[in-house]
There are 2 protein chains.
Amino acid sequence: MRKEKAKRLENKGWKIGSAEDFLGLSPEESAYIDLKLNLSAKLRKLRAEQNLTQTELAKLIHSSQSRVAKIETGDPTVSIDLIIKSLLALGASKKQLARAISS
Amino acid sequence: MRKEKAKRLENKGWKIGSAEDFLGLSPEESAYIDLKLNLSAKLRKLRAEQNLTQTELAKLIHSSQSRVAKIETGDPTVSIDLIIKSLLALGASKKQLARAISS
DNA sequence: TTGCCATATGTCATATCTGACATATCTTAG
DNA sequence: CTAAGATATGTCAGATATGACATATGGCAA
């Protein structure tokens, strides 16, 4: 599967610039993944700033630690919807979201 | 259900300012809906600019006319993921997405 | 009016995402 | 080292989103 690949690469520290379009990903696909990773990164940052553990954030969004971990590691089974809902739960503003996206 | 309500209101032209937080919606919920509606609106705009019908856009994103309609009318069963994928398929840039979000 | 094309709405089987759980792998303090 | 807290990974049943189809409504030209 496509997104699996992208995720594995991310985890191994491949991070080439910002998008991994070097293997079979269409521009839209890599833009989409890029977006997701940017939002994930922002979430981790926000959570850290607020000194919350994944477990605490999980409670806040009525989810589980493992799902929060998946959000933050860019797991392909995580939707942008969930990431955005989590960001909003941490009090992120529209402006912050916008910044995260175009980063 | 919650989001049903928000959608109905939208359709009836209720658009009070920008968020319908006046009936039982938490700040995060209305922020989320707001976001979705902004992105939907942007999609419709982009599609119009490119003189595409819903059916044509549907083919472009491997979906159906009815789902495109649902996207554009803010149907609660539509995910932000799908809206964003559609926007990307229309060639929207990160900057455009960011603008749409913080509008 | 009629016909045609675009858009909207309702429904449904299937695909995808979700929370939860178990368990593994860090990290750091003692 | 070992223990404890935090984070990561794998799995799965149930929840939600999806494309597809039928059908309705809207707009507009003949």
# chains A, B, ... in the order shown; residues from 1 in each chain; ligands from 1
call {"tool": "interface_residues", "arguments": {"of": "chain D", "to": "chain B", "cutoff": "8 Å", "atoms": "only C-alpha atoms (C1' of nucleotides)", "output": "PyMOL selection string"}}
result
chain D and resi 17+19-20
call {"tool": "write_last_selection", "arguments": {"atoms": "N, CA and C atoms (P, O5', C5', C4', C3', O3' and C1' of nucleotides)", "output": "PDB file, in the first residue's frame"}}
result
ATOM      1  P    DA D  17     -18.401  10.251   9.729  1.00  0.00           P
ATOM      2  O5'  DA D  17     -17.800   9.592   8.409  1.00  0.00           O
ATOM      3  C5'  DA D  17     -16.395   9.415   8.327  1.00  0.00           C
ATOM      4  C4'  DA D  17     -16.014   8.933   6.953  1.00  0.00           C
ATOM      5  C3'  DA D  17     -16.472   9.803   5.786  1.00  0.00           C
ATOM      6  O3'  DA D  17     -15.396   9.846   4.857  1.00  0.00           O
ATOM      7  C1'  DA D  17     -17.355   7.627   5.545  1.00  0.00           C
ATOM      8  P    DG D  19     -15.675   8.775  -2.446  1.00  0.00           P
ATOM      9  O5'  DG D  19     -16.387   7.613  -3.264  1.00  0.00           O
ATOM     10  C5'  DG D  19     -15.672   6.457  -3.651  1.00  0.00           C
ATOM     11  C4'  DG D  19     -16.621   5.476  -4.343  1.00  0.00           C
ATOM     12  C3'  DG D  19     -17.232   5.996  -5.638  1.00  0.00           C
ATOM     13  O3'  DG D  19     -17.264   4.913  -6.574  1.00  0.00           O
ATOM     14  C1'  DG D  19     -18.956   5.498  -4.072  1.00  0.00           C
ATOM     15  P    DA D  20     -17.825   5.129  -8.073  1.00  0.00           P
ATOM     16  O5'  DA D  20     -19.322   4.584  -7.941  1.00  0.00           O
ATOM     17  C5'  DA D  20     -19.546   3.268  -7.454  1.00  0.00           C
ATOM     18  C4'  DA D  20     -21.047   3.026  -7.333  1.00  0.00           C
ATOM     19  C3'  DA D  20     -21.857   3.528  -8.529  1.00  0.00           C
ATOM     20  O3'  DA D  20     -22.607   2.440  -9.046  1.00  0.00           O
ATOM     21  C1'  DA D  20     -22.808   4.255  -6.478  1.00  0.00           C
TER      22       DA D  20
END
call {"tool": "closest_atom_pairs", "arguments": {"of": "chain B", "to": "chain C", "cutoff": "12 Å", "atoms": "only C-alpha atoms (C1' of nucleotides)", "output": "Markdown table"}}
result
| residue | atom | partner | partner_atom | distance |
| --- | --- | --- | --- | --- |
| B:Asn11 | CA | C:DA8 | C1' | 11.1 |
| B:Arg44 | CA | C:DT7 | C1' | 11.9 |
| B:Leu52 | CA | C:DA6 | C1' | 10.7 |
| B:Thr53 | CA | C:DA6 | C1' | 7.3 |
| B:Gln54 | CA | C:DT7 | C1' | 7.8 |
| B:Thr55 | CA | C:DA6 | C1' | 8.8 |
| B:Glu56 | CA | C:DA6 | C1' | 11.1 |
| B:Gln65 | CA | C:DT7 | C1' | 8.6 |
| B:Ser66 | CA | C:DA8 | C1' | 7.7 |
| B:Arg67 | CA | C:DA8 | C1' | 10.2 |
| B:Val68 | CA | C:DT7 | C1' | 9.6 |
| B:Ala69 | CA | C:DA8 | C1' | 6.7 |
| B:Lys70 | CA | C:DA8 | C1' | 8.0 |
| B:Ile71 | CA | C:DA8 | C1' | 11.1 |
| B:Glu72 | CA | C:DT7 | C1' | 10.1 |
| B:Thr73 | CA | C:DA8 | C1' | 8.6 |
| B:Gly74 | CA | C:DA8 | C1' | 11.7 |
| B:Asp75 | CA | C:DT9 | C1' | 10.3 |
| B:Ser79 | CA | C:DC17 | C1' | 11.0 |
| B:Asp81 | CA | C:DC17 | C1' | 11.4 |
call {"tool": "write_last_selection", "arguments": {"atoms": "all heavy atoms", "output": "compact mmCIF listing (two decimals), in the first residue's frame"}}
result
# COMPACT_ATOMS: atom_id res chain seq x y z
N ASN B 11 -28.07 25.50 5.09
CA ASN B 11 -28.86 25.45 3.87
C ASN B 11 -29.99 26.46 3.84
O ASN B 11 -30.35 26.97 2.79
CB ASN B 11 -29.43 24.05 3.68
CG ASN B 11 -28.36 23.11 3.16
OD1 ASN B 11 -27.28 23.55 2.80
ND2 ASN B 11 -28.66 21.83 3.14
N ARG B 44 -16.12 24.74 -4.10
CA ARG B 44 -17.13 25.14 -5.08
C ARG B 44 -16.61 26.28 -5.94
O ARG B 44 -16.80 26.30 -7.16
CB ARG B 44 -18.42 25.55 -4.37
CG ARG B 44 -19.47 26.11 -5.31
CD ARG B 44 -20.84 26.16 -4.70
NE ARG B 44 -21.45 24.83 -4.70
CZ ARG B 44 -22.66 24.57 -4.21
NH1 ARG B 44 -23.38 25.53 -3.68
NH2 ARG B 44 -23.15 23.36 -4.25
N LEU B 52 -15.94 23.46 -14.27
CA LEU B 52 -16.21 22.03 -14.22
C LEU B 52 -17.59 21.80 -13.63
O LEU B 52 -18.04 22.54 -12.76
CB LEU B 52 -15.17 21.32 -13.36
CG LEU B 52 -13.72 21.36 -13.83
CD1 LEU B 52 -12.80 20.78 -12.76
CD2 LEU B 52 -13.57 20.61 -15.14
N THR B 53 -18.26 20.76 -14.10
CA THR B 53 -19.51 20.34 -13.47
C THR B 53 -19.15 19.43 -12.29
O THR B 53 -18.03 18.94 -12.20
CB THR B 53 -20.41 19.57 -14.45
OG1 THR B 53 -19.75 18.33 -14.77
CG2 THR B 53 -20.65 20.36 -15.71
N GLN B 54 -20.13 19.18 -11.45
CA GLN B 54 -19.88 18.27 -10.33
C GLN B 54 -19.51 16.90 -10.87
O GLN B 54 -18.67 16.19 -10.31
CB GLN B 54 -21.12 18.19 -9.44
CG GLN B 54 -21.38 19.47 -8.68
CD GLN B 54 -22.56 19.33 -7.74
OE1 GLN B 54 -23.38 18.42 -7.89
NE2 GLN B 54 -22.66 20.23 -6.78
N THR B 55 -20.15 16.52 -11.95
CA THR B 55 -19.88 15.21 -12.55
C THR B 55 -18.43 15.13 -13.03
O THR B 55 -17.77 14.10 -12.83
CB THR B 55 -20.84 14.96 -13.72
OG1 THR B 55 -22.18 15.08 -13.23
CG2 THR B 55 -20.64 13.57 -14.28
N GLU B 56 -17.96 16.20 -13.62
CA GLU B 56 -16.58 16.19 -14.10
C GLU B 56 -15.59 16.13 -12.95
O GLU B 56 -14.62 15.36 -12.98
CB GLU B 56 -16.32 17.43 -14.97
CG GLU B 56 -17.04 17.37 -16.32
CD GLU B 56 -17.02 18.71 -17.05
OE1 GLU B 56 -17.06 19.77 -16.39
OE2 GLU B 56 -16.98 18.69 -18.29
N GLN B 65 -21.07 12.21 -8.65
CA GLN B 65 -21.68 13.53 -8.61
C GLN B 65 -22.37 13.78 -7.28
O GLN B 65 -22.26 14.87 -6.71
CB GLN B 65 -22.69 13.65 -9.75
CG GLN B 65 -23.43 15.00 -9.81
CD GLN B 65 -24.70 14.99 -8.97
OE1 GLN B 65 -25.40 13.99 -8.90
NE2 GLN B 65 -25.00 16.10 -8.33
N SER B 66 -23.04 12.76 -6.79
CA SER B 66 -23.78 12.97 -5.54
C SER B 66 -22.86 13.29 -4.37
O SER B 66 -23.19 14.10 -3.52
CB SER B 66 -24.65 11.77 -5.23
OG SER B 66 -23.89 10.60 -5.10
N ARG B 67 -21.70 12.64 -4.38
CA ARG B 67 -20.79 12.94 -3.26
C ARG B 67 -20.22 14.34 -3.39
O ARG B 67 -20.06 15.04 -2.40
CB ARG B 67 -19.68 11.89 -3.13
CG ARG B 67 -18.89 12.04 -1.83
CD ARG B 67 -18.70 10.76 -1.05
NE ARG B 67 -19.93 10.20 -0.58
CZ ARG B 67 -20.49 10.47 0.61
NH1 ARG B 67 -19.91 11.33 1.43
NH2 ARG B 67 -21.61 9.90 0.96
N VAL B 68 -19.94 14.75 -4.59
CA VAL B 68 -19.45 16.12 -4.78
C VAL B 68 -20.50 17.11 -4.29
O VAL B 68 -20.18 18.08 -3.59
CB VAL B 68 -19.10 16.39 -6.26
CG1 VAL B 68 -18.78 17.86 -6.47
CG2 VAL B 68 -17.93 15.53 -6.69
N ALA B 69 -21.75 16.83 -4.63
CA ALA B 69 -22.83 17.70 -4.15
C ALA B 69 -22.82 17.76 -2.63
O ALA B 69 -22.95 18.83 -2.03
CB ALA B 69 -24.17 17.20 -4.66
N LYS B 70 -22.66 16.60 -2.02
CA LYS B 70 -22.65 16.55 -0.55
C LYS B 70 -21.47 17.34 0.02
O LYS B 70 -21.59 18.02 1.03
CB LYS B 70 -22.63 15.10 -0.07
CG LYS B 70 -23.97 14.39 -0.21
CD LYS B 70 -23.86 12.92 0.22
CE LYS B 70 -24.67 11.97 -0.65
NZ LYS B 70 -26.10 11.96 -0.39
N ILE B 71 -20.35 17.22 -0.64
CA ILE B 71 -19.19 17.99 -0.19
C ILE B 71 -19.56 19.47 -0.18
O ILE B 71 -19.36 20.18 0.80
CB ILE B 71 -17.97 17.79 -1.12
CG1 ILE B 71 -17.44 16.36 -1.03
CG2 ILE B 71 -16.87 18.78 -0.77
CD1 ILE B 71 -16.32 16.06 -2.02
N GLU B 72 -20.12 19.92 -1.29
CA GLU B 72 -20.35 21.36 -1.46
C GLU B 72 -21.49 21.89 -0.60
O GLU B 72 -21.56 23.07 -0.32
CB GLU B 72 -20.59 21.67 -2.94
CG GLU B 72 -19.36 21.39 -3.79
CD GLU B 72 -19.52 21.86 -5.23
OE1 GLU B 72 -20.63 22.26 -5.61
OE2 GLU B 72 -18.51 21.83 -5.96
N THR B 73 -22.39 21.01 -0.21
CA THR B 73 -23.50 21.46 0.64
C THR B 73 -23.19 21.25 2.12
O THR B 73 -24.06 21.47 2.96
CB THR B 73 -24.80 20.72 0.29
OG1 THR B 73 -24.57 19.31 0.38
CG2 THR B 73 -25.26 21.05 -1.11
N GLY B 74 -21.98 20.81 2.40
CA GLY B 74 -21.60 20.64 3.80
C GLY B 74 -22.29 19.48 4.49
O GLY B 74 -22.52 19.51 5.69
N ASP B 75 -22.59 18.46 3.75
CA ASP B 75 -23.23 17.29 4.33
C ASP B 75 -22.37 16.73 5.46
O ASP B 75 -21.15 16.60 5.34
CB ASP B 75 -23.42 16.23 3.24
CG ASP B 75 -24.22 15.04 3.72
OD1 ASP B 75 -23.71 14.25 4.55
OD2 ASP B 75 -25.38 14.90 3.28
N SER B 79 -16.09 13.97 5.15
CA SER B 79 -14.92 14.24 5.99
C SER B 79 -14.08 15.38 5.41
O SER B 79 -14.11 15.65 4.21
CB SER B 79 -14.06 12.99 6.08
OG SER B 79 -13.41 12.76 4.84
N ASP B 81 -11.02 15.19 5.21
CA ASP B 81 -10.08 14.48 4.34
C ASP B 81 -10.51 14.55 2.88
O ASP B 81 -9.72 14.90 2.00
CB ASP B 81 -10.00 13.00 4.74
CG ASP B 81 -9.02 12.79 5.87
OD1 ASP B 81 -9.43 12.96 7.03
OD2 ASP B 81 -7.85 12.49 5.59
call {"tool": "closest_atom_pairs", "arguments": {"of": "chain B", "to": "chain A", "cutoff": "12 Å", "atoms": "only C-alpha atoms", "output": "JSON lines"}}
result
{"residue": "B:Ser26", "atom": "CA", "partner": "A:Ala89", "partner_atom": "CA", "distance": 10.2}
{"residue": "B:Pro27", "atom": "CA", "partner": "A:Leu88", "partner_atom": "CA", "distance": 8.7}
{"residue": "B:Glu28", "atom": "CA", "partner": "A:Leu88", "partner_atom": "CA", "distance": 5.6}
{"residue": "B:Glu29", "atom": "CA", "partner": "A:Lys85", "partner_atom": "CA", "distance": 8.3}
{"residue": "B:Ser30", "atom": "CA", "partner": "A:Leu88", "partner_atom": "CA", "distance": 10.1}
{"residue": "B:Ala31", "atom": "CA", "partner": "A:Leu88", "partner_atom": "CA", "distance": 7.6}
{"residue": "B:Tyr32", "atom": "CA", "partner": "A:Lys85", "partner_atom": "CA", "distance": 6.9}
{"residue": "B:Ile33", "atom": "CA", "partner": "A:Lys85", "partner_atom": "CA", "distance": 10.3}
{"residue": "B:Asp34", "atom": "CA", "partner": "A:Lys94", "partner_atom": "CA", "distance": 9.8}
{"residue": "B:Leu35", "atom": "CA", "partner": "A:Lys94", "partner_atom": "CA", "distance": 8.2}
{"residue": "B:Lys36", "atom": "CA", "partner": "A:Asp81", "partner_atom": "CA", "distance": 9.7}
{"residue": "B:Asn38", "atom": "CA", "partner": "A:Lys94", "partner_atom": "CA", "distance": 11.2}
{"residue": "B:Leu39", "atom": "CA", "partner": "A:Ala98", "partner_atom": "CA", "distance": 11.9}
{"residue": "B:Leu60", "atom": "CA", "partner": "A:Glu28", "partner_atom": "CA", "distance": 11.9}
{"residue": "B:Ile61", "atom": "CA", "partner": "A:Glu28", "partner_atom": "CA", "distance": 10.7}
{"residue": "B:Thr77", "atom": "CA", "partner": "A:Asp81", "partner_atom": "CA", "distance": 11.9}
{"residue": "B:Val78", "atom": "CA", "partner": "A:Asp81", "partner_atom": "CA", "distance": 10.2}
{"residue": "B:Ser79", "atom": "CA", "partner": "A:Asp81", "partner_atom": "CA", "distance": 6.6}
{"residue": "B:Ile80", "atom": "CA", "partner": "A:Asp81", "partner_atom": "CA", "distance": 5.6}
{"residue": "B:Asp81", "atom": "CA", "partner": "A:Ile80", "partner_atom": "CA", "distance": 5.6}
{"residue": "B:Leu82", "atom": "CA", "partner": "A:Ile80", "partner_atom": "CA", "distance": 9.3}
{"residue": "B:Ile83", "atom": "CA", "partner": "A:Asp81", "partner_atom": "CA", "distance": 10.4}
{"residue": "B:Ile84", "atom": "CA", "partner": "A:Tyr32", "partner_atom": "CA", "distance": 7.8}
{"residue": "B:Lys85", "atom": "CA", "partner": "A:Tyr32", "partner_atom": "CA", "distance": 6.9}
{"residue": "B:Ser86", "atom": "CA", "partner": "A:Glu28", "partner_atom": "CA", "distance": 9.3}
{"residue": "B:Leu87", "atom": "CA", "partner": "A:Glu28", "partner_atom": "CA", "distance": 9.3}
{"residue": "B:Leu88", "atom": "CA", "partner": "A:Glu28", "partner_atom": "CA", "distance": 5.6}
{"residue": "B:Ala89", "atom": "CA", "partner": "A:Glu28", "partner_atom": "CA", "distance": 6.3}
{"residue": "B:Leu90", "atom": "CA", "partner": "A:Glu28", "partner_atom": "CA", "distance": 9.3}
{"residue": "B:Gly91", "atom": "CA", "partner": "A:Glu28", "partner_atom": "CA", "distance": 8.0}
{"residue": "B:Ala92", "atom": "CA", "partner": "A:Glu28", "partner_atom": "CA", "distance": 9.4}
{"residue": "B:Ser93", "atom": "CA", "partner": "A:Ser102", "partner_atom": "CA", "distance": 8.6}
{"residue": "B:Lys94", "atom": "CA", "partner": "A:Ser102", "partner_atom": "CA", "distance": 5.0}
{"residue": "B:Lys95", "atom": "CA", "partner": "A:Ser102", "partner_atom": "CA", "distance": 5.6}
{"residue": "B:Gln96", "atom": "CA", "partner": "A:Ser102", "partner_atom": "CA", "distance": 8.7}
{"residue": "B:Leu97", "atom": "CA", "partner": "A:Ala98", "partner_atom": "CA", "distance": 7.6}
{"residue": "B:Ala98", "atom": "CA", "partner": "A:Ala98", "partner_atom": "CA", "distance": 4.2}
{"residue": "B:Arg99", "atom": "CA", "partner": "A:Ala98", "partner_atom": "CA", "distance": 6.9}
{"residue": "B:Ala100", "atom": "CA", "partner": "A:Ala98", "partner_atom": "CA", "distance": 8.4}
{"residue": "B:Ile101", "atom": "CA", "partner": "A:Ala98", "partner_atom": "CA", "distance": 6.1}
{"residue": "B:Ser102", "atom": "CA", "partner": "A:Lys94", "partner_atom": "CA", "distance": 5.0}
{"residue": "B:Ser103", "atom": "CA", "partner": "A:Lys94", "partner_atom": "CA", "distance": 8.3}
call {"tool": "write_last_selection", "arguments": {"atoms": "N, CA and C atoms", "output": "CSV table (one decimal), in the first residue's frame"}}
result
chain,number,residue,atom,x,y,z
B,26,SER,N,-20.2,23.1,21.2
B,26,SER,CA,-19.0,23.5,21.9
B,26,SER,C,-18.2,24.4,21.0
B,27,PRO,N,-17.3,25.2,21.5
B,27,PRO,CA,-16.4,26.0,20.6
B,27,PRO,C,-15.7,25.2,19.6
B,28,GLU,N,-15.2,24.0,20.1
B,28,GLU,CA,-14.4,23.2,19.1
B,28,GLU,C,-15.3,22.6,18.0
B,29,GLU,N,-16.5,22.3,18.4
B,29,GLU,CA,-17.4,21.7,17.4
B,29,GLU,C,-17.7,22.8,16.4
B,30,SER,N,-18.0,24.0,16.8
B,30,SER,CA,-18.4,25.0,15.8
B,30,SER,C,-17.2,25.4,15.0
B,31,ALA,N,-16.0,25.4,15.6
B,31,ALA,CA,-14.8,25.7,14.9
B,31,ALA,C,-14.6,24.7,13.8
B,32,TYR,N,-14.9,23.4,14.2
B,32,TYR,CA,-14.7,22.3,13.2
B,32,TYR,C,-15.6,22.5,12.0
B,33,ILE,N,-16.9,22.7,12.3
B,33,ILE,CA,-17.9,22.9,11.3
B,33,ILE,C,-17.6,24.1,10.4
B,34,ASP,N,-17.2,25.2,11.1
B,34,ASP,CA,-16.7,26.4,10.3
B,34,ASP,C,-15.7,26.0,9.3
B,35,LEU,N,-14.7,25.3,9.8
B,35,LEU,CA,-13.6,24.9,8.9
B,35,LEU,C,-14.1,24.2,7.7
B,36,LYS,N,-14.9,23.2,8.0
B,36,LYS,CA,-15.4,22.4,6.9
B,36,LYS,C,-16.2,23.2,5.9
B,38,ASN,N,-15.9,26.4,5.3
B,38,ASN,CA,-14.9,27.2,4.5
B,38,ASN,C,-14.3,26.5,3.4
B,39,LEU,N,-13.8,25.3,3.7
B,39,LEU,CA,-13.2,24.5,2.7
B,39,LEU,C,-14.1,24.1,1.6
B,60,LEU,N,-12.7,13.3,-11.8
B,60,LEU,CA,-11.4,13.7,-11.4
B,60,LEU,C,-10.9,13.1,-10.1
B,61,ILE,N,-11.8,13.0,-9.2
B,61,ILE,CA,-11.4,12.5,-7.9
B,61,ILE,C,-11.9,11.0,-7.6
B,77,THR,N,-21.9,13.9,6.5
B,77,THR,CA,-21.2,12.6,6.3
B,77,THR,C,-19.9,12.8,5.6
B,78,VAL,N,-19.6,14.0,5.2
B,78,VAL,CA,-18.4,14.2,4.4
B,78,VAL,C,-17.2,14.6,5.3
B,79,SER,N,-16.1,14.0,5.2
B,79,SER,CA,-14.9,14.2,6.0
B,79,SER,C,-14.1,15.4,5.4
B,80,ILE,N,-13.3,16.0,6.3
B,80,ILE,CA,-12.4,17.0,5.9
B,80,ILE,C,-11.4,16.4,4.9
B,81,ASP,N,-11.0,15.2,5.2
B,81,ASP,CA,-10.1,14.5,4.3
B,81,ASP,C,-10.5,14.5,2.9
B,82,LEU,N,-11.8,14.2,2.6
B,82,LEU,CA,-12.3,14.2,1.3
B,82,LEU,C,-12.3,15.5,0.6
B,83,ILE,N,-12.7,16.5,1.4
B,83,ILE,CA,-12.7,17.9,0.9
B,83,ILE,C,-11.3,18.3,0.5
B,84,ILE,N,-10.3,18.0,1.4
B,84,ILE,CA,-8.9,18.5,1.1
B,84,ILE,C,-8.4,17.7,-0.1
B,85,LYS,N,-8.7,16.4,-0.2
B,85,LYS,CA,-8.2,15.7,-1.3
B,85,LYS,C,-8.8,16.3,-2.6
B,86,SER,N,-10.0,16.7,-2.6
B,86,SER,CA,-10.7,17.3,-3.7
B,86,SER,C,-10.0,18.6,-4.1
B,87,LEU,N,-9.8,19.4,-3.1
B,87,LEU,CA,-9.1,20.7,-3.3
B,87,LEU,C,-7.7,20.4,-4.0
B,88,LEU,N,-7.0,19.5,-3.4
B,88,LEU,CA,-5.7,19.2,-4.0
B,88,LEU,C,-5.8,18.7,-5.5
B,89,ALA,N,-6.8,18.0,-5.7
B,89,ALA,CA,-7.0,17.5,-7.1
B,89,ALA,C,-7.3,18.6,-8.0
B,90,LEU,N,-7.9,19.7,-7.5
B,90,LEU,CA,-8.2,20.9,-8.3
B,90,LEU,C,-6.9,21.8,-8.4
B,91,GLY,N,-5.9,21.3,-7.8
B,91,GLY,CA,-4.6,22.1,-7.9
B,91,GLY,C,-4.5,23.2,-6.8
B,92,ALA,N,-5.3,23.1,-5.8
B,92,ALA,CA,-5.1,24.1,-4.7
B,92,ALA,C,-3.8,24.1,-4.1
B,93,SER,N,-3.2,25.2,-3.8
B,93,SER,CA,-1.9,25.2,-3.1
B,93,SER,C,-2.0,25.3,-1.6
B,94,LYS,N,-1.0,25.0,-0.9
B,94,LYS,CA,-1.0,25.1,0.5
B,94,LYS,C,-1.5,26.4,1.0
B,95,LYS,N,-1.0,27.4,0.3
B,95,LYS,CA,-1.3,28.8,0.7
B,95,LYS,C,-2.8,29.0,0.5
B,96,GLN,N,-3.4,28.5,-0.6
B,96,GLN,CA,-4.8,28.6,-0.8
B,96,GLN,C,-5.6,27.9,0.3
B,97,LEU,N,-5.1,26.7,0.7
B,97,LEU,CA,-5.8,26.0,1.7
B,97,LEU,C,-5.8,26.8,3.0
B,98,ALA,N,-4.6,27.3,3.3
B,98,ALA,CA,-4.4,28.0,4.6
B,98,ALA,C,-5.4,29.2,4.6
B,99,ARG,N,-5.4,29.9,3.5
B,99,ARG,CA,-6.3,31.0,3.4
B,99,ARG,C,-7.8,30.6,3.6
B,100,ALA,N,-8.2,29.5,3.0
B,100,ALA,CA,-9.6,29.1,3.1
B,100,ALA,C,-9.9,28.8,4.6
B,101,ILE,N,-8.9,28.2,5.2
B,101,ILE,CA,-9.1,27.8,6.6
B,101,ILE,C,-9.3,29.0,7.6
B,102,SER,N,-8.4,30.0,7.4
B,102,SER,CA,-8.5,31.1,8.3
B,102,SER,C,-9.4,32.2,7.9
B,103,SER,N,-10.2,31.9,6.9
B,103,SER,CA,-11.1,33.0,6.4
B,103,SER,C,-12.3,33.2,7.3
